[in-house]
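As stored in input21.cif (mmCIF, C-alpha atoms):
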data_upload
loop_
_atom_site.group_PDB
_atom_site.id
_atom_site.type_symbol
_atom_site.label_atom_id
_atom_site.label_comp_id
_atom_site.auth_asym_id
_atom_site.auth_seq_id
_atom_site.Cartn_x
_atom_site.Cartn_y
_atom_site.Cartn_z
ATOM 1 C CA MET A 246 -6.671 3.332 -30.880
ATOM 2 C CA ALA A 247 -3.352 1.946 -29.661
ATOM 3 C CA GLN A 248 -2.921 5.081 -27.584
ATOM 4 C CA SER A 249 -6.311 4.739 -25.955
ATOM 5 C CA LYS A 250 -5.669 1.061 -25.253
ATOM 6 C CA GLN A 251 -2.411 1.966 -23.599
ATOM 7 C CA ASN A 252 -4.134 4.664 -21.554
ATOM 8 C CA LEU A 253 -6.817 2.236 -20.522
ATOM 9 C CA ILE A 254 -4.287 -0.227 -19.196
ATOM 10 C CA GLN A 255 -2.159 2.393 -17.514
ATOM 11 C CA GLY A 256 -5.274 3.661 -15.835
ATOM 12 C CA THR A 257 -6.137 0.145 -14.805
ATOM 13 C CA LEU A 258 -2.748 -0.417 -13.207
ATOM 14 C CA ALA A 259 -3.034 2.907 -11.412
ATOM 15 C CA MET A 260 -6.460 1.902 -10.163
ATOM 16 C CA LEU A 261 -5.116 -1.401 -8.838
ATOM 17 C CA ILE A 262 -2.261 0.367 -7.081
ATOM 18 C CA LEU A 263 -4.611 2.944 -5.559
ATOM 19 C CA LYS A 264 -6.888 0.166 -4.388
ATOM 20 C CA ALA A 265 -3.974 -1.726 -2.848
ATOM 21 C CA LEU A 266 -3.044 1.402 -0.892
ATOM 22 C CA GLU A 267 -6.580 2.132 0.249
ATOM 23 C CA ARG A 268 -6.095 0.520 3.650
ATOM 24 C CA GLY A 269 -2.712 1.973 4.482
ATOM 25 C CA SER A 270 0.915 2.458 3.533
ATOM 26 C CA LEU A 271 2.741 -0.248 1.610
ATOM 27 C CA HIS A 272 6.119 -0.500 -0.066
ATOM 28 C CA GLY A 273 6.452 -1.540 -3.685
ATOM 29 C CA TYR A 274 6.957 -5.233 -3.053
ATOM 30 C CA GLU A 275 3.903 -5.362 -0.798
ATOM 31 C CA ILE A 276 1.830 -3.606 -3.460
ATOM 32 C CA VAL A 277 2.714 -6.285 -6.004
ATOM 33 C CA GLN A 278 1.888 -9.004 -3.495
ATOM 34 C CA ARG A 279 -1.347 -7.310 -2.447
ATOM 35 C CA ILE A 280 -2.603 -7.113 -6.029
ATOM 36 C CA GLN A 281 -1.567 -10.691 -6.734
ATOM 37 C CA ARG A 282 -3.090 -12.008 -3.540
ATOM 38 C CA SER A 283 -6.311 -10.062 -3.872
ATOM 39 C CA SER A 284 -6.770 -11.399 -7.381
ATOM 40 C CA GLN A 285 -6.017 -14.926 -6.154
ATOM 41 C CA ASP A 286 -2.879 -15.053 -8.282
ATOM 42 C CA VAL A 287 -4.756 -14.277 -11.481
ATOM 43 C CA LEU A 288 -3.191 -10.845 -12.010
ATOM 44 C CA LYS A 289 0.555 -10.572 -12.071
ATOM 45 C CA VAL A 290 2.114 -7.147 -12.275
ATOM 46 C CA GLU A 291 5.554 -7.180 -13.829
ATOM 47 C CA GLU A 292 7.539 -6.290 -10.791
ATOM 48 C CA GLY A 293 9.949 -3.771 -12.239
ATOM 49 C CA SER A 294 7.184 -2.068 -14.189
ATOM 50 C CA LEU A 295 5.447 -1.108 -10.988
ATOM 51 C CA TYR A 296 7.971 1.567 -10.111
ATOM 52 C CA PRO A 297 7.598 3.870 -13.117
ATOM 53 C CA ALA A 298 3.856 3.732 -12.469
ATOM 54 C CA LEU A 299 4.379 4.609 -8.801
ATOM 55 C CA TYR A 300 6.631 7.530 -9.698
ATOM 56 C CA ARG A 301 4.113 8.869 -12.205
ATOM 57 C CA MET A 302 1.345 8.609 -9.641
ATOM 58 C CA GLU A 303 3.478 10.332 -7.055
ATOM 59 C CA GLU A 304 4.124 13.210 -9.435
ATOM 60 C CA GLN A 305 0.417 13.435 -10.156
ATOM 61 C CA GLY A 306 -0.183 13.844 -6.449
ATOM 62 C CA TRP A 307 -2.234 10.668 -6.001
ATOM 63 C CA ILE A 308 0.222 9.051 -3.654
ATOM 64 C CA GLU A 309 2.935 10.211 -1.282
ATOM 65 C CA ALA A 310 6.094 8.373 -0.368
ATOM 66 C CA GLU A 311 8.202 8.366 2.726
ATOM 67 C CA TRP A 312 11.021 6.205 3.977
ATOM 68 C CA GLY A 313 10.407 4.032 7.002
ATOM 69 C CA ALA A 314 11.469 0.818 8.651
ATOM 70 C CA SER A 315 10.047 -2.389 7.256
ATOM 71 C CA GLU A 316 8.976 -5.398 9.303
ATOM 72 C CA ASN A 317 12.507 -6.788 9.033
ATOM 73 C CA ASN A 318 14.012 -3.487 10.201
ATOM 74 C CA ARG A 319 15.196 -2.560 6.738
ATOM 75 C CA ARG A 320 14.820 0.902 5.295
ATOM 76 C CA ALA A 321 11.934 0.829 2.841
ATOM 77 C CA LYS A 322 9.970 3.421 0.911
ATOM 78 C CA TYR A 323 6.298 3.391 1.810
ATOM 79 C CA TYR A 324 3.551 4.804 -0.358
ATOM 80 C CA LYS A 325 0.218 6.083 0.878
ATOM 81 C CA LEU A 326 -2.869 7.558 -0.719
ATOM 82 C CA THR A 327 -3.400 11.286 -0.718
ATOM 83 C CA ARG A 328 -6.801 12.915 -0.698
ATOM 84 C CA ALA A 329 -6.480 13.380 -4.450
ATOM 85 C CA GLY A 330 -5.610 9.692 -4.727
ATOM 86 C CA ARG A 331 -8.779 8.674 -2.903
ATOM 87 C CA LYS A 332 -10.831 10.825 -5.259
ATOM 88 C CA GLN A 333 -9.030 9.316 -8.221
ATOM 89 C CA LEU A 334 -9.679 5.806 -6.937
ATOM 90 C CA ALA A 335 -13.380 6.542 -6.567
ATOM 91 C CA ALA A 336 -13.523 8.001 -10.068
ATOM 92 C CA GLU A 337 -11.560 5.158 -11.654
ATOM 93 C CA THR A 338 -13.576 2.502 -9.864
ATOM 94 C CA SER A 339 -16.788 4.101 -11.033
ATOM 95 C CA ASN A 340 -15.515 4.343 -14.612
ATOM 96 C CA TRP A 341 -14.312 0.756 -14.534
ATOM 97 C CA GLU A 342 -17.648 -0.550 -13.280
ATOM 98 C CA ARG A 343 -19.523 1.428 -15.903
ATOM 99 C CA LEU A 344 -17.196 0.200 -18.648
ATOM 100 C CA SER A 345 -17.305 -3.420 -17.583
ATOM 101 C CA GLU A 346 -21.076 -3.349 -17.277
ATOM 102 C CA ALA A 347 -21.302 -1.939 -20.775
ATOM 103 C CA ILE A 348 -18.990 -4.613 -22.175
ATOM 104 C CA THR A 349 -20.935 -7.312 -20.369
ATOM 105 C CA ARG A 350 -24.175 -6.019 -21.859
ATOM 106 C CA VAL A 351 -22.656 -6.067 -25.348
ATOM 107 C CA LEU A 352 -21.345 -9.591 -24.900
ATOM 108 C CA GLN A 353 -24.716 -10.798 -23.672
ATOM 109 C CA THR A 354 -26.608 -9.325 -26.578
ATOM 110 C CA ALA A 355 -24.207 -9.774 -29.495
ATOM 111 C CA MET B 243 1.414 20.036 -2.043
ATOM 112 C CA ALA B 244 3.676 17.028 -2.395
ATOM 113 C CA ASN B 245 4.859 18.425 -5.721
ATOM 114 C CA ILE B 246 5.719 21.794 -4.229
ATOM 115 C CA LYS B 247 7.673 20.069 -1.456
ATOM 116 C CA SER B 248 9.511 17.971 -3.982
ATOM 117 C CA ILE B 249 10.389 21.011 -6.116
ATOM 118 C CA LEU B 250 11.599 23.034 -3.154
ATOM 119 C CA ARG B 251 13.688 20.072 -2.061
ATOM 120 C CA GLN B 252 15.222 19.851 -5.518
ATOM 121 C CA LEU B 253 15.964 23.549 -5.731
ATOM 122 C CA GLY B 254 17.309 23.750 -2.218
ATOM 123 C CA ALA B 255 19.812 20.941 -2.411
ATOM 124 C CA PRO B 256 22.453 20.987 -5.149
ATOM 125 C CA GLY B 257 23.340 17.326 -4.536
ATOM 126 C CA ARG B 258 19.722 16.213 -4.554
ATOM 127 C CA SER B 259 19.803 14.539 -7.965
ATOM 128 C CA LYS B 260 22.428 12.092 -6.816
ATOM 129 C CA ALA B 261 20.564 11.496 -3.586
ATOM 130 C CA ASP B 262 17.374 10.833 -5.562
ATOM 131 C CA ALA B 263 19.218 8.403 -7.817
ATOM 132 C CA ARG B 264 20.559 6.585 -4.767
ATOM 133 C CA GLU B 265 17.114 6.427 -3.201
ATOM 134 C CA ILE B 266 15.620 4.991 -6.368
ATOM 135 C CA GLU B 267 18.361 2.373 -6.509
ATOM 136 C CA ASP B 268 17.854 1.504 -2.824
ATOM 137 C CA GLU B 269 14.147 1.110 -3.371
ATOM 138 C CA LEU B 270 14.528 -1.178 -6.381
ATOM 139 C CA ARG B 271 17.211 -3.249 -4.665
ATOM 140 C CA TYR B 272 14.999 -3.646 -1.634
ATOM 141 C CA HIS B 273 12.276 -5.095 -3.839
ATOM 142 C CA ILE B 274 14.660 -7.667 -5.320
ATOM 143 C CA GLU B 275 15.983 -8.594 -1.905
ATOM 144 C CA MET B 276 12.474 -9.116 -0.572
ATOM 145 C CA ARG B 277 11.636 -11.363 -3.496
ATOM 146 C CA ALA B 278 14.872 -13.308 -2.991
ATOM 147 C CA ARG B 279 14.080 -13.670 0.702
ATOM 148 C CA ASP B 280 10.666 -15.137 -0.100
ATOM 149 C CA ASN B 281 12.233 -17.442 -2.654
ATOM 150 C CA ILE B 282 14.673 -18.725 -0.042
ATOM 151 C CA ALA B 283 11.818 -19.205 2.416
ATOM 152 C CA ALA B 284 10.113 -21.268 -0.274
ATOM 153 C CA GLY B 285 13.123 -23.581 -0.519
ATOM 154 C CA MET B 286 15.355 -22.107 -3.209
ATOM 155 C CA THR B 287 19.105 -21.864 -2.830
ATOM 156 C CA PRO B 288 20.318 -18.283 -2.283
ATOM 157 C CA GLU B 289 21.818 -18.179 -5.781
ATOM 158 C CA ASP B 290 18.656 -19.444 -7.445
ATOM 159 C CA ALA B 291 16.560 -17.164 -5.281
ATOM 160 C CA MET B 292 18.484 -14.056 -6.323
ATOM 161 C CA SER B 293 18.597 -15.112 -9.947
ATOM 162 C CA ASP B 294 14.827 -15.671 -9.990
ATOM 163 C CA ALA B 295 14.214 -12.353 -8.218
ATOM 164 C CA MET B 296 16.272 -10.463 -10.792
ATOM 165 C CA ARG B 297 14.601 -12.230 -13.692
ATOM 166 C CA ARG B 298 11.162 -11.359 -12.374
ATOM 167 C CA PHE B 299 12.142 -7.767 -11.817
ATOM 168 C CA GLY B 300 13.350 -7.172 -15.360
ATOM 169 C CA ASP B 301 15.995 -4.767 -16.629
ATOM 170 C CA PHE B 302 17.156 -3.090 -13.434
ATOM 171 C CA ASP B 303 19.220 -0.365 -15.107
ATOM 172 C CA GLN B 304 16.473 0.611 -17.504
ATOM 173 C CA ILE B 305 13.812 0.742 -14.824
ATOM 174 C CA GLN B 306 16.083 2.803 -12.608
ATOM 175 C CA ALA B 307 16.803 5.191 -15.464
ATOM 176 C CA VAL B 308 13.113 5.494 -16.292
ATOM 177 C CA CYS B 309 12.265 6.361 -12.690
ATOM 178 C CA GLU B 310 14.953 9.020 -12.646
ATOM 179 C CA GLU B 311 13.712 10.488 -15.906
ATOM 180 C CA ILE B 312 10.130 10.637 -14.676
ATOM 181 C CA ARG B 313 11.343 12.687 -11.729
ATOM 182 C CA LYS B 314 13.317 14.975 -14.045
ATOM 183 C CA GLU B 315 10.478 15.299 -16.548
ATOM 184 C CA ARG B 316 8.099 16.628 -13.946
ATOM 185 C CA LEU B 317 10.661 19.019 -12.564
ATOM 186 C CA ALA B 318 11.610 20.207 -16.037
ATOM 187 C CA SER B 319 8.033 21.258 -16.758
ATOM 188 C CA VAL B 320 7.899 23.184 -13.504
ATOM 189 C CA MET B 321 11.278 24.724 -14.286
ATOM 190 C CA LYS B 322 9.840 26.151 -17.495
ATOM 191 C CA VAL B 323 7.243 28.010 -15.483
ATOM 192 C CA ILE B 324 9.865 29.196 -13.013
ATOM 193 C CA LYS B 325 12.038 30.435 -15.883
ATOM 194 C CA GLY B 326 9.090 32.469 -17.100
ATOM 195 C CA VAL B 327 8.655 33.896 -13.627
ATOM 196 C CA THR B 328 12.330 34.921 -13.545
ATOM 197 C CA TRP B 329 11.889 36.837 -16.807
ATOM 198 C CA VAL B 330 8.918 38.653 -15.284
ATOM 199 C CA MET B 331 11.033 39.419 -12.210
ATOM 200 C CA ILE B 332 13.818 40.826 -14.380
ATOM 201 C CA GLY B 333 11.291 42.913 -16.300
ATOM 202 C CA CYS B 334 9.778 44.277 -13.105
ATOM 203 C CA GLY B 335 13.247 44.917 -11.675
ATOM 204 C CA LEU B 336 14.339 46.898 -14.727
ATOM 205 C CA THR B 337 11.113 48.882 -14.708
ATOM 206 C CA LEU B 338 11.623 49.783 -11.064
ATOM 207 C CA LYS B 339 15.261 50.723 -11.675
ATOM 208 C CA MET B 340 14.308 52.999 -14.531
ATOM 209 C CA SER B 341 11.476 54.589 -12.611
ATOM 210 C CA ALA B 342 12.349 58.100 -11.653
ATOM 211 C CA GLY B 343 12.859 59.256 -8.132
ATOM 212 C CA VAL B 344 12.544 56.914 -5.227
ATOM 213 C CA GLN B 345 15.819 55.263 -4.210
ATOM 214 C CA GLN B 346 14.056 52.427 -2.400
ATOM 215 C CA LEU B 347 12.338 51.341 -5.621
ATOM 216 C CA HIS B 348 15.748 51.137 -7.305
ATOM 217 C CA GLN B 349 16.946 48.882 -4.505
ATOM 218 C CA VAL B 350 13.893 46.639 -4.838
ATOM 219 C CA GLY B 351 14.585 46.489 -8.583
ATOM 220 C CA ASP B 352 18.202 45.469 -7.965
ATOM 221 C CA PHE B 353 17.039 42.848 -5.520
ATOM 222 C CA LEU B 354 14.509 41.365 -7.975
ATOM 223 C CA ILE B 355 17.086 41.230 -10.766
ATOM 224 C CA LEU B 356 19.669 39.617 -8.501
ATOM 225 C CA ILE B 357 17.246 36.943 -7.259
ATOM 226 C CA ALA B 358 16.065 36.217 -10.796
ATOM 227 C CA ILE B 359 19.626 35.842 -12.094
ATOM 228 C CA LEU B 360 20.617 33.577 -9.202
ATOM 229 C CA TRP B 361 17.491 31.507 -9.685
ATOM 230 C CA ARG B 362 18.151 31.066 -13.388
ATOM 231 C CA ALA B 363 21.767 30.187 -12.728
ATOM 232 C CA LEU B 364 20.668 27.557 -10.243
ATOM 233 C CA ILE B 365 18.207 26.054 -12.733
ATOM 234 C CA HIS B 366 20.872 26.051 -15.422
ATOM 235 C CA LEU B 367 23.318 24.257 -13.150
ATOM 236 C CA ARG B 368 20.740 21.642 -12.286
ATOM 237 C CA GLN B 369 20.478 20.657 -15.980
ATOM 238 C CA MET B 370 17.062 19.199 -15.617
ATOM 239 C CA GLN B 371 16.397 18.347 -19.239
ATOM 240 C CA PRO B 372 14.676 14.950 -19.446
ATOM 241 C CA ASP B 373 15.724 12.350 -21.979
ATOM 242 C CA ARG B 374 12.670 11.980 -24.237
ATOM 243 C CA GLN B 375 13.758 8.576 -25.521
ATOM 244 C CA ARG B 376 13.819 7.212 -22.024
ATOM 245 C CA ILE B 377 10.491 8.777 -21.189
ATOM 246 C CA LYS B 378 9.021 6.974 -24.181
ATOM 247 C CA ALA B 379 10.608 3.762 -22.934
ATOM 248 C CA ALA B 380 8.863 4.375 -19.619
ATOM 249 C CA GLU B 381 5.556 3.670 -21.305
ATOM 250 C CA GLN B 382 6.656 0.303 -22.648
ATOM 251 C CA PRO B 383 6.773 -1.657 -19.376
ATOM 252 C CA SER B 384 3.170 -0.675 -18.734
ATOM 253 C CA LEU B 385 2.226 -2.264 -22.040
ATOM 254 C CA SER B 386 3.707 -5.531 -20.919
ATOM 255 C CA ILE B 387 1.491 -5.245 -17.893
ATOM 256 C CA LEU B 388 -1.360 -5.039 -20.378
ATOM 257 C CA HIS B 389 -0.440 -8.470 -21.696
ATOM 258 C CA THR B 390 -0.132 -9.853 -18.219
ATOM 259 C CA ILE B 391 -3.488 -8.484 -17.200
ATOM 260 C CA GLY B 392 -4.960 -9.303 -20.577
ATOM 261 C CA ASP B 393 -4.135 -12.969 -20.053
ATOM 262 C CA PHE B 394 -5.882 -13.301 -16.766
ATOM 263 C CA SER B 395 -9.140 -14.685 -18.033
ATOM 264 C CA ALA B 396 -7.357 -17.501 -19.859
ATOM 265 C CA THR B 397 -5.169 -18.488 -16.958
ATOM 266 C CA SER B 398 -6.207 -21.361 -14.774
ATOM 267 C CA PRO B 399 -4.334 -22.429 -11.636
ATOM 268 C CA ALA B 400 -3.143 -25.620 -13.315
ATOM 269 C CA GLU B 401 -1.644 -23.703 -16.232
ATOM 270 C CA ARG B 402 0.356 -21.326 -14.113
ATOM 271 C CA PRO B 403 4.056 -22.018 -13.632
ATOM 272 C CA PHE B 404 5.329 -22.898 -10.193
ATOM 273 C CA ASN B 405 5.627 -19.781 -8.127
ATOM 274 C CA PRO B 406 7.857 -20.191 -5.091
ATOM 275 C CA ALA B 407 6.202 -17.205 -3.493
ATOM 276 C CA ARG B 408 3.007 -19.255 -3.375
ATOM 277 C CA ALA B 409 4.535 -22.263 -1.633
ATOM 278 C CA HIS B 410 2.662 -22.894 1.617
ATOM 279 C CA ASP B 411 4.217 -23.361 5.024
ATOM 280 C CA LYS B 412 2.916 -25.687 7.724
ATOM 281 C CA ASP B 413 0.261 -23.132 8.679
ATOM 282 C CA GLY B 414 -1.010 -23.077 5.135
ATOM 283 C CA ARG B 415 0.255 -19.564 4.464
ATOM 284 C CA THR B 416 2.537 -18.474 1.654
ATOM 285 C CA PRO B 417 5.666 -16.412 2.367
ATOM 286 C CA VAL B 418 3.812 -13.544 0.795
ATOM 287 C CA GLU B 419 0.891 -13.980 3.145
ATOM 288 C CA ARG B 420 3.255 -13.877 6.072
ATOM 289 C CA LEU B 421 4.523 -10.560 4.772
ATOM 290 C CA ILE B 422 1.125 -9.012 4.417
ATOM 291 C CA SER B 423 -0.875 -8.430 7.553
ATOM 292 C CA ASP B 424 -4.142 -10.278 7.993
ATOM 293 C CA GLU B 425 -5.953 -6.971 8.279
ATOM 294 C CA SER B 426 -5.508 -6.523 4.569
ATOM 295 C CA SER B 427 -7.552 -9.568 3.636
ATOM 296 C CA ASP B 428 -10.652 -7.502 2.944
ATOM 297 C CA ASN B 429 -8.823 -5.282 0.522
ATOM 298 C CA THR B 430 -9.819 -7.015 -2.674
ATOM 299 C CA VAL B 431 -9.756 -5.698 -6.198
ATOM 300 C CA LYS B 432 -13.134 -6.352 -7.765
ATOM 301 C CA PHE B 433 -13.456 -7.576 -11.286
ATOM 302 C CA PRO B 434 -16.758 -8.250 -12.878
#
Show the structure stored in the file as structure tokens.
Amino acid sequence: MAQSKQNLIQGTLAMLILKALERGSLHGYEIVQRIQRSSQDVLKVEEGSLYPALYRMEEQGWIEAEWGASENNRRAKYYKLTRAGRKQLAAETSNWERLSEAITRVLQTA
Amino acid sequence: MANIKSILRQLGAPGRSKADAREIEDELRYHIEMRARDNIAAGMTPEDAMSDAMRRFGDFDQIQAVCEEIRKERLASVMKVIKGVTWVMIGCGLTLKMSAGVQQLHQVGDFLILIAILWRALIHLRQMQPDRQRIKAAEQPSLSILHTIGDFSATSPAERPFNPARAHDKDGRTPVERLISDESSDNTVKFP
């Protein structure tokens, strides 16, 4: 049970990261800000924890990284979605919507 | 494809592990510096800004180590497959060498054995055995994200601590909003 809970949340973080990258390349700090901003400051990703997740996703082939210049002319590592990442995002979004609808139905009836 | 590129890069460059470690460190440091910059823009002193940025980031050394181990873990699993391939190459090479007659087949056998031995030696030198303890630790930070995300329904704006990154400028934008382009405003994460 604990394992599945952990998997659920890891999957959720991955989904949020994939969603943040849907519109283009971002570096890690921008990803954190994008998630926070999009959720109107409700969700807060622990900043350091983002990077292990990004590395796992990169190894899974969902995202690709390359170094580039940031808006302040600093060298920054930018992540972007791969084709596999887009598929994964679609699958995770669909699963999430199905799951949340199911939970909502249970809460409304119980 | 990205994985194959990454593996070839690792195999082709003996000093790559150190370069990877440096890149990971650069990336994490960049994050902290960006946070500190936003903190300063929000009115903090440079010392407070850096201190807050580091506190928010968490254990730098552990996170860096975890990222390095994730890289190594993936490569180690691929290395196992490659080691198997080298054994097959050695087997084929020996078979060809022992085959009667054709000199060219003997040479191909020698070549296969030589490549396989060099390949194995290279893998051995790379010492890509991941630290399982650290890999386990890699899962822990994600759990703390669970608590953060798990709390979201109970959090109201008034309850949240002051966040300098949310301080507004005269245009009504936060430092974070200045960082992120306006084009991204439609990119919302939907929650039911």
Inset, instruction - With the file shown as input, list the residues that the PyMOL selection byres ((chain A) within 6 of (chain B)) selects, as a ChimeraX atom specification. - result: /A:254,274,283,287-288,290,292-294,297
Inset, instruction - Figure out the distance between atom CA of B:Ile365 and atom CA of B:Gln349, please, to one decimal in Å. - result: 24.3 Å
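The space between atom CA of B:Gly326 and atom CA of B:Ala358 spans 10.1 Å.
Taking all atoms listed in the file into account, A:Leu266 lies nearest to A:Leu326 out of the set A:Leu295, A:Ile280, A:Leu326, A:Leu352.
Across the structure, atom CA of B:Gln345 and atom CA of B:Ala363 are spaced 27.1 Å apart.
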Please evaluate the PyMOL selection byres ((chain A and resi 272) around 10) against the displayed coordinates and give the resulting residues as an mmCIF file with C-alpha atoms, in the coordinates of the input.
data_model
loop_
_atom_site.group_PDB
_atom_site.id
_atom_site.type_symbol
_atom_site.label_atom_id
_atom_site.label_comp_id
_atom_site.auth_asym_id
_atom_site.auth_seq_id
_atom_site.Cartn_x
_atom_site.Cartn_y
_atom_site.Cartn_z
ATOM 1 C CA LEU A 266 -3.044 1.402 -0.892
ATOM 2 C CA SER A 270 0.915 2.458 3.533
ATOM 3 C CA LEU A 271 2.741 -0.248 1.610
ATOM 4 C CA GLY A 273 6.452 -1.540 -3.685
ATOM 5 C CA TYR A 274 6.957 -5.233 -3.053
ATOM 6 C CA GLU A 275 3.903 -5.362 -0.798
ATOM 7 C CA ILE A 276 1.830 -3.606 -3.460
ATOM 8 C CA VAL A 277 2.714 -6.285 -6.004
ATOM 9 C CA ALA A 310 6.094 8.373 -0.368
ATOM 10 C CA GLU A 311 8.202 8.366 2.726
ATOM 11 C CA TRP A 312 11.021 6.205 3.977
ATOM 12 C CA GLY A 313 10.407 4.032 7.002
ATOM 13 C CA SER A 315 10.047 -2.389 7.256
ATOM 14 C CA ALA A 321 11.934 0.829 2.841
ATOM 15 C CA LYS A 322 9.970 3.421 0.911
ATOM 16 C CA TYR A 323 6.298 3.391 1.810
ATOM 17 C CA TYR A 324 3.551 4.804 -0.358
ATOM 18 C CA LYS A 325 0.218 6.083 0.878
ATOM 19 C CA GLU B 269 14.147 1.110 -3.371
ATOM 20 C CA TYR B 272 14.999 -3.646 -1.634
ATOM 21 C CA HIS B 273 12.276 -5.095 -3.839
#
Legend entry - Selection: 9 Å around B:His348, only C-alpha atoms, excl. self and same-chain fewer than 5 positions, as JSON, numbers by chain: {"B": [335, 336, 338, 339, 340, 341, 342, 343, 353]}
Please save C-alpha atoms of the selected residues as a compact mmCIF listing (two decimals), in the frame of the given file.
# COMPACT_ATOMS: atom_id res chain seq x y z
CA GLY B 335 13.25 44.92 -11.68
CA LEU B 336 14.34 46.90 -14.73
CA LEU B 338 11.62 49.78 -11.06
CA LYS B 339 15.26 50.72 -11.68
CA MET B 340 14.31 53.00 -14.53
CA SER B 341 11.48 54.59 -12.61
CA ALA B 342 12.35 58.10 -11.65
CA GLY B 343 12.86 59.26 -8.13
CA PHE B 353 17.04 42.85 -5.52
Inset, instruction - Using only C-alpha atoms, pick whichever of A:Glu304, A:Leu344, A:Arg282, A:Ala259 has the shortest atom-to-atom distance to B:Ser319. - result: A:Glu304
Inset, instruction - Pick out the closest residue to A:Glu303 from this set: A:Gln285, A:Asn318, A:Ala336, A:Ile262. Count only C-alpha atoms. - result: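 Result for the nearest residue to A:Glu303: A:Ile262.
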